[in-house]
file model-v8.csv (CSV, C-alpha atoms)
chain,number,residue,atom,x,y,z
A,8,MET,CA,90.1,26.8,62.5
A,9,HIS,CA,86.3,26.1,62.4
A,10,GLN,CA,84.7,26.3,58.9
A,11,ASN,CA,81.1,27.5,58.6
A,12,ARG,CA,79.0,25.2,56.3
A,13,PHE,CA,77.0,28.1,55.1
A,14,SER,CA,78.3,30.4,52.3
A,15,SER,CA,77.3,33.7,53.9
A,16,PRO,CA,76.5,35.2,57.3
A,17,ALA,CA,72.9,35.9,56.1
A,18,VAL,CA,72.3,32.2,55.2
A,19,SER,CA,73.9,31.2,58.5
A,20,ARG,CA,71.5,33.6,60.4
A,21,PHE,CA,68.5,32.4,58.4
A,22,GLY,CA,69.4,28.8,59.1
A,23,PHE,CA,69.7,29.5,62.8
A,24,THR,CA,66.4,31.4,62.8
A,25,LEU,CA,64.6,28.6,60.9
A,26,VAL,CA,65.9,26.0,63.4
A,27,SER,CA,65.0,28.2,66.3
A,28,ALA,CA,61.5,28.7,65.0
A,29,ALA,CA,61.0,25.0,64.4
A,30,GLY,CA,62.2,24.3,67.9
A,31,ALA,CA,59.8,26.8,69.3
A,32,LEU,CA,56.9,25.3,67.4
A,33,ILE,CA,57.8,21.8,68.8
A,34,LEU,CA,58.1,23.2,72.3
A,35,VAL,CA,54.8,25.0,72.1
A,36,GLY,CA,53.1,22.0,70.6
A,37,CYS,CA,54.4,19.7,73.3
A,38,THR,CA,53.4,22.1,76.1
A,39,ALA,CA,50.0,23.0,74.6
A,40,SER,CA,48.9,19.4,73.9
A,41,PRO,CA,48.8,18.1,77.6
A,42,ALA,CA,46.9,21.2,78.7
A,43,SER,CA,44.2,20.6,76.1
A,44,VAL,CA,44.0,16.9,77.0
A,45,GLU,CA,43.7,17.9,80.7
A,46,SER,CA,41.1,20.5,79.9
A,47,SER,CA,39.2,17.9,77.8
A,48,ALA,CA,39.3,15.3,80.6
A,49,TYR,CA,38.2,17.9,83.1
A,50,ASP,CA,35.3,19.0,80.9
A,51,THR,CA,34.3,15.3,80.4
A,52,ALA,CA,34.4,14.6,84.2
A,53,MET,CA,32.4,17.7,85.0
A,54,ALA,CA,29.8,16.9,82.4
A,55,GLN,CA,29.5,13.4,83.8
A,56,GLN,CA,29.2,14.8,87.4
A,57,ASN,CA,26.5,17.2,86.3
A,58,THR,CA,24.6,14.4,84.6
A,59,ALA,CA,24.9,12.2,87.7
A,60,VAL,CA,23.7,15.0,90.0
A,61,ARG,CA,20.7,15.7,87.8
A,62,SER,CA,19.9,12.0,87.1
A,63,VAL,CA,20.1,10.5,90.6
A,64,GLN,CA,17.3,11.5,92.9
A,65,VAL,CA,17.3,11.2,96.7
A,66,TYR,CA,14.3,9.4,98.1
A,67,LYS,CA,13.1,9.3,101.8
A,68,SER,CA,12.8,5.6,101.5
A,69,ILE,CA,13.5,2.9,98.9
A,70,PRO,CA,10.5,3.0,96.6
A,71,GLU,CA,8.4,-0.1,96.0
A,72,GLY,CA,9.6,-1.8,92.9
A,73,ALA,CA,13.1,-0.5,93.0
A,74,ILE,CA,15.6,-2.9,91.5
A,75,GLY,CA,19.3,-3.6,92.0
A,76,VAL,CA,19.5,-2.2,95.6
A,77,ARG,CA,23.2,-1.9,96.6
A,78,SER,CA,25.4,0.1,99.0
A,79,VAL,CA,27.5,3.0,97.9
A,80,MET,CA,30.1,4.9,100.0
A,81,ALA,CA,32.1,8.1,99.6
A,82,ALA,CA,34.6,9.9,101.8
A,83,ALA,CA,36.8,13.0,101.6
A,84,CYS,CA,38.8,15.2,103.9
A,85,GLY,CA,36.7,17.9,105.6
A,86,SER,CA,37.4,21.6,105.0
A,87,ASP,CA,35.8,23.6,107.7
A,88,ALA,CA,34.7,22.2,111.1
A,89,ASN,CA,32.4,25.2,111.6
A,90,ASP,CA,30.5,24.8,108.4
A,91,LEU,CA,29.9,21.2,107.3
A,92,GLY,CA,27.3,22.1,104.6
A,93,PRO,CA,29.8,22.3,101.6
A,94,ASP,CA,31.5,19.0,102.8
A,95,GLU,CA,28.1,17.3,103.1
A,96,ASN,CA,27.2,18.4,99.6
A,97,TYR,CA,30.5,17.2,98.3
A,98,ILE,CA,29.9,13.7,99.8
A,99,LEU,CA,26.4,13.6,98.5
A,100,THR,CA,27.7,14.4,95.0
A,101,GLY,CA,30.2,11.6,95.5
A,102,LEU,CA,27.4,9.2,96.4
A,103,LYS,CA,25.4,10.2,93.4
A,104,MET,CA,28.4,9.7,91.1
A,105,LYS,CA,29.0,6.2,92.5
A,106,ALA,CA,25.2,5.4,92.1
A,107,TYR,CA,25.2,6.8,88.5
A,108,LYS,CA,28.3,4.9,87.5
A,109,SER,CA,26.7,1.7,88.7
A,110,GLY,CA,23.6,2.3,86.7
A,111,ALA,CA,21.3,3.5,89.5
A,112,ASN,CA,19.0,6.5,89.3
A,113,GLY,CA,18.0,6.7,93.0
A,114,LEU,CA,19.5,7.0,96.5
A,115,SER,CA,17.9,6.4,99.9
A,116,MET,CA,19.1,5.9,103.5
A,117,VAL,CA,21.7,8.6,103.0
A,118,ASP,CA,24.0,8.9,106.0
A,119,ILE,CA,26.7,11.5,106.0
A,120,GLN,CA,28.9,12.1,109.1
A,121,LYS,CA,31.9,13.9,110.3
A,122,MET,CA,34.6,11.2,111.0
A,123,PRO,CA,37.9,11.3,112.9
A,124,ASP,CA,41.2,11.5,111.1
A,125,PRO,CA,43.5,9.5,113.5
A,126,LYS,CA,46.4,9.4,111.1
A,127,GLY,CA,46.3,13.1,110.3
A,128,HIS,CA,45.9,12.8,106.6
A,129,CYS,CA,43.4,15.7,106.4
A,130,ASP,CA,44.5,19.4,106.9
A,131,ALA,CA,41.3,20.3,108.7
A,132,GLY,CA,41.8,17.4,111.1
A,133,PHE,CA,38.7,15.5,110.2
A,134,SER,CA,37.1,13.7,107.3
A,135,MET,CA,33.6,13.3,106.0
A,136,GLY,CA,32.1,10.0,105.0
A,137,GLY,CA,28.8,8.9,103.7
A,138,SER,CA,26.9,5.8,102.7
A,139,ALA,CA,23.6,5.2,101.0
A,140,LYS,CA,21.5,2.6,99.2
A,141,ALA,CA,21.5,3.0,95.5
A,142,PHE,CA,18.9,1.5,93.2
A,143,THR,CA,17.1,1.8,89.9
A,144,VAL,CA,13.5,3.1,89.7
A,145,GLN,CA,11.8,2.1,86.4
A,146,GLN,CA,10.3,5.2,84.9

call {"tool": "encode", "arguments": {"input": "model-v8.csv", "output": "structure tokens"}}
result
Amino acid sequence: MHQNRFSSPAVSRFGFTLVSAAGALILVGCTASPASVESSAYDTAMAQQNTAVRSVQVYKSIPEGAIGVRSVMAAACGSDANDLGPDENYILTGLKMKAYKSGANGLSMVDIQKMPDPKGHCDAGFSMGGSAKAFTVQQ
């Protein structure tokens, strides 16, 4: 016959409730923590992207006196073969991010093109790619 450690059913129920509440708190704490970390990482990435988009200017040509001229590239799967505008903007943002992360504040010779997807990795059947020259203009 199994003996209950607690002296009364009320104490037994209270103990069970207390353990259940503690378990629920641990469970909620564990599940809430990664979401807040992900949200924080997302917010940080978006803030950095916004800063890059505002900080890196596109020039028609490389300005005289520009320093640290280097190539940057970005690529992604295309989304709509009939409207390439959003894809082009996404690639330009990628180029600006690469330039910003390398310390540049300017881009020139931007070339964004629709590219084939011979291995079928992209749902839309094509990818977009871009290259540019990144550099720093002293202000």

call {"tool": "residues_around", "arguments": {"input": "model-v8.csv", "residues": "Leu114 in chain A", "least_positions_apart": "5", "cutoff": "9 Å", "atoms": "only C-alpha atoms", "output": "list in words"}}
result
Val63, Gln64, Val65, Tyr66, Lys67, Ser68, Ile69, Leu102, Lys103, Ala106, Ala139, Lys140, Ala141, Phe142 and Thr143 of chain A

call {"tool": "write_last_selection", "arguments": {"input": "model-v8.csv", "atoms": "C-alpha atoms", "output": "mmCIF file, in the frame of the given file"}}
result
data_model
loop_
_atom_site.group_PDB
_atom_site.id
_atom_site.type_symbol
_atom_site.label_atom_id
_atom_site.label_comp_id
_atom_site.auth_asym_id
_atom_site.auth_seq_id
_atom_site.Cartn_x
_atom_site.Cartn_y
_atom_site.Cartn_z
ATOM 1 C CA VAL A 63 20.100 10.500 90.600
ATOM 2 C CA GLN A 64 17.300 11.500 92.900
ATOM 3 C CA VAL A 65 17.300 11.200 96.700
ATOM 4 C CA TYR A 66 14.300 9.400 98.100
ATOM 5 C CA LYS A 67 13.100 9.300 101.800
ATOM 6 C CA SER A 68 12.800 5.600 101.500
ATOM 7 C CA ILE A 69 13.500 2.900 98.900
ATOM 8 C CA LEU A 102 27.400 9.200 96.400
ATOM 9 C CA LYS A 103 25.400 10.200 93.400
ATOM 10 C CA ALA A 106 25.200 5.400 92.100
ATOM 11 C CA ALA A 139 23.600 5.200 101.000
ATOM 12 C CA LYS A 140 21.500 2.600 99.200
ATOM 13 C CA ALA A 141 21.500 3.000 95.500
ATOM 14 C CA PHE A 142 18.900 1.500 93.200
ATOM 15 C CA THR A 143 17.100 1.800 89.900
#

call {"tool": "closest_residue", "arguments": {"input": "model-v8.csv", "among": "A:Pro70, A:Gly137, A:Gly85, A:Gly75", "to": "Val117 in chain A", "atoms": "all atoms listed in the file"}}
result
A:Gly137

call {"tool": "residues_near_point", "arguments": {"input": "model-v8.csv", "point": "(38.4, 9.7, 112.8)", "cutoff": "10 Å", "atoms": "only C-alpha atoms", "output": "NGL selection string"}}
result
:A and (121-127 or 132-135)

call {"tool": "residues_near_point", "arguments": {"input": "model-v8.csv", "point": "(26.5, 11.4, 95.0)", "cutoff": "9 Å", "atoms": "all atoms listed in the file", "output": "list in words"}}
result
Gln56, Ala59, Val60, Val63, Val79, Met80, Ala81, Asn96, Tyr97, Ile98, Leu99, Thr100, Gly101, Leu102, Lys103, Met104, Lys105, Ala106, Tyr107 and Leu114 of chain A

call {"tool": "atom_distance", "arguments": {"input": "model-v8.csv", "atom1": "CA of Asp87 in chain A", "atom2": "CA of Thr51 in chain A"}}
result
28.6 Å

call {"tool": "atom_distance", "arguments": {"input": "model-v8.csv", "atom1": "CA of Gln146 in chain A", "atom2": "CA of Ala111 in chain A"}}
result
12.0 Å

call {"tool": "atom_distance", "arguments": {"input": "model-v8.csv", "atom1": "CA of Glu95 in chain A", "atom2": "CA of Glu71 in chain A"}}
result
27.2 Å

call {"tool": "closest_residue", "arguments": {"input": "model-v8.csv", "among": "A:Met116, A:Gln145, A:Gly136, A:His128", "to": "Ser78 in chain A", "atoms": "only C-alpha atoms"}}
result
A:Met116

call {"tool": "closest_residue", "arguments": {"input": "model-v8.csv", "among": "A:Ala73, A:Glu45, A:Asp94, A:Ala82", "to": "Ser138 in chain A", "atoms": "only C-alpha atoms"}}
result
A:Ala82

call {"tool": "build_atoms", "arguments": {"input": "model-v8.csv", "residues": "range 113-141 of chain A", "atoms": "N, CA and C atoms", "output": "PDB file, keeping the file's coordinate frame"}}
result
ATOM      1  N   GLY A 113      18.566   6.300  91.723  1.00  0.00           N
ATOM      2  CA  GLY A 113      18.000   6.700  93.000  1.00  0.00           C
ATOM      3  C   GLY A 113      18.915   6.399  94.162  1.00  0.00           C
ATOM      4  N   LEU A 114      18.788   7.193  95.221  1.00  0.00           N
ATOM      5  CA  LEU A 114      19.500   7.000  96.500  1.00  0.00           C
ATOM      6  C   LEU A 114      18.516   7.111  97.626  1.00  0.00           C
ATOM      7  N   SER A 115      18.744   6.342  98.657  1.00  0.00           N
ATOM      8  CA  SER A 115      17.900   6.400  99.900  1.00  0.00           C
ATOM      9  C   SER A 115      18.826   6.049 101.045  1.00  0.00           C
ATOM     10  N   MET A 116      18.327   6.281 102.246  1.00  0.00           N
ATOM     11  CA  MET A 116      19.100   5.900 103.500  1.00  0.00           C
ATOM     12  C   MET A 116      20.432   6.600 103.479  1.00  0.00           C
ATOM     13  N   VAL A 117      20.483   7.861 103.036  1.00  0.00           N
ATOM     14  CA  VAL A 117      21.700   8.600 103.000  1.00  0.00           C
ATOM     15  C   VAL A 117      22.171   8.966 104.390  1.00  0.00           C
ATOM     16  N   ASP A 118      23.405   8.629 104.720  1.00  0.00           N
ATOM     17  CA  ASP A 118      24.000   8.900 106.000  1.00  0.00           C
ATOM     18  C   ASP A 118      25.344   9.532 105.838  1.00  0.00           C
ATOM     19  N   ILE A 119      25.462  10.830 106.135  1.00  0.00           N
ATOM     20  CA  ILE A 119      26.700  11.500 106.000  1.00  0.00           C
ATOM     21  C   ILE A 119      27.150  12.036 107.368  1.00  0.00           C
ATOM     22  N   GLN A 120      28.387  11.731 107.733  1.00  0.00           N
ATOM     23  CA  GLN A 120      28.900  12.100 109.100  1.00  0.00           C
ATOM     24  C   GLN A 120      30.287  12.600 109.055  1.00  0.00           C
ATOM     25  N   LYS A 121      30.561  13.416 110.038  1.00  0.00           N
ATOM     26  CA  LYS A 121      31.900  13.900 110.300  1.00  0.00           C
ATOM     27  C   LYS A 121      32.650  12.688 110.954  1.00  0.00           C
ATOM     28  N   MET A 122      33.850  12.388 110.498  1.00  0.00           N
ATOM     29  CA  MET A 122      34.600  11.200 111.000  1.00  0.00           C
ATOM     30  C   MET A 122      35.964  11.691 111.503  1.00  0.00           C
ATOM     31  N   PRO A 123      36.528  10.977 112.451  1.00  0.00           N
ATOM     32  CA  PRO A 123      37.900  11.300 112.900  1.00  0.00           C
ATOM     33  C   PRO A 123      38.925  11.057 111.850  1.00  0.00           C
ATOM     34  N   ASP A 124      40.054  11.703 112.014  1.00  0.00           N
ATOM     35  CA  ASP A 124      41.200  11.500 111.100  1.00  0.00           C
ATOM     36  C   ASP A 124      42.399  11.123 111.988  1.00  0.00           C
ATOM     37  N   PRO A 125      42.419   9.896 112.523  1.00  0.00           N
ATOM     38  CA  PRO A 125      43.500   9.500 113.500  1.00  0.00           C
ATOM     39  C   PRO A 125      44.880   9.564 112.953  1.00  0.00           C
ATOM     40  N   LYS A 126      45.049   9.390 111.655  1.00  0.00           N
ATOM     41  CA  LYS A 126      46.400   9.400 111.100  1.00  0.00           C
ATOM     42  C   LYS A 126      46.847  10.757 110.603  1.00  0.00           C
ATOM     43  N   GLY A 127      45.973  11.744 110.717  1.00  0.00           N
ATOM     44  CA  GLY A 127      46.300  13.100 110.300  1.00  0.00           C
ATOM     45  C   GLY A 127      46.515  13.366 108.865  1.00  0.00           C
ATOM     46  N   HIS A 128      45.780  12.657 108.023  1.00  0.00           N
ATOM     47  CA  HIS A 128      45.900  12.800 106.600  1.00  0.00           C
ATOM     48  C   HIS A 128      45.189  14.114 106.099  1.00  0.00           C
ATOM     49  N   CYS A 129      44.212  14.593 106.845  1.00  0.00           N
ATOM     50  CA  CYS A 129      43.400  15.700 106.400  1.00  0.00           C
ATOM     51  C   CYS A 129      43.881  17.016 107.101  1.00  0.00           C
ATOM     52  N   ASP A 130      44.044  18.080 106.328  1.00  0.00           N
ATOM     53  CA  ASP A 130      44.500  19.400 106.900  1.00  0.00           C
ATOM     54  C   ASP A 130      43.577  19.903 107.947  1.00  0.00           C
ATOM     55  N   ALA A 131      42.268  19.731 107.770  1.00  0.00           N
ATOM     56  CA  ALA A 131      41.300  20.300 108.700  1.00  0.00           C
ATOM     57  C   ALA A 131      41.181  19.403 109.979  1.00  0.00           C
ATOM     58  N   GLY A 132      41.832  18.233 109.979  1.00  0.00           N
ATOM     59  CA  GLY A 132      41.800  17.400 111.100  1.00  0.00           C
ATOM     60  C   GLY A 132      40.632  16.409 111.222  1.00  0.00           C
ATOM     61  N   PHE A 133      39.804  16.390 110.202  1.00  0.00           N
ATOM     62  CA  PHE A 133      38.700  15.500 110.200  1.00  0.00           C
ATOM     63  C   PHE A 133      38.340  15.103 108.752  1.00  0.00           C
ATOM     64  N   SER A 134      37.578  14.047 108.604  1.00  0.00           N
ATOM     65  CA  SER A 134      37.100  13.700 107.300  1.00  0.00           C
ATOM     66  C   SER A 134      35.582  13.562 107.327  1.00  0.00           C
ATOM     67  N   MET A 135      35.001  13.500 106.157  1.00  0.00           N
ATOM     68  CA  MET A 135      33.600  13.300 106.000  1.00  0.00           C
ATOM     69  C   MET A 135      33.355  12.019 105.273  1.00  0.00           C
ATOM     70  N   GLY A 136      32.370  11.264 105.705  1.00  0.00           N
ATOM     71  CA  GLY A 136      32.100  10.000 105.000  1.00  0.00           C
ATOM     72  C   GLY A 136      30.577   9.852 104.883  1.00  0.00           C
ATOM     73  N   GLY A 137      30.198   9.113 103.879  1.00  0.00           N
ATOM     74  CA  GLY A 137      28.800   8.900 103.700  1.00  0.00           C
ATOM     75  C   GLY A 137      28.520   7.541 103.044  1.00  0.00           C
ATOM     76  N   SER A 138      27.330   7.053 103.338  1.00  0.00           N
ATOM     77  CA  SER A 138      26.900   5.800 102.700  1.00  0.00           C
ATOM     78  C   SER A 138      25.412   5.965 102.366  1.00  0.00           C
ATOM     79  N   ALA A 139      24.969   5.153 101.446  1.00  0.00           N
ATOM     80  CA  ALA A 139      23.600   5.200 101.000  1.00  0.00           C
ATOM     81  C   ALA A 139      23.238   3.911 100.288  1.00  0.00           C
ATOM     82  N   LYS A 140      21.981   3.707 100.057  1.00  0.00           N
ATOM     83  CA  LYS A 140      21.500   2.600  99.200  1.00  0.00           C
ATOM     84  C   LYS A 140      21.183   3.180  97.858  1.00  0.00           C
ATOM     85  N   ALA A 141      21.795   2.606  96.826  1.00  0.00           N
ATOM     86  CA  ALA A 141      21.500   3.000  95.500  1.00  0.00           C
ATOM     87  C   ALA A 141      20.627   1.969  94.812  1.00  0.00           C
TER      88      ALA A 141
END
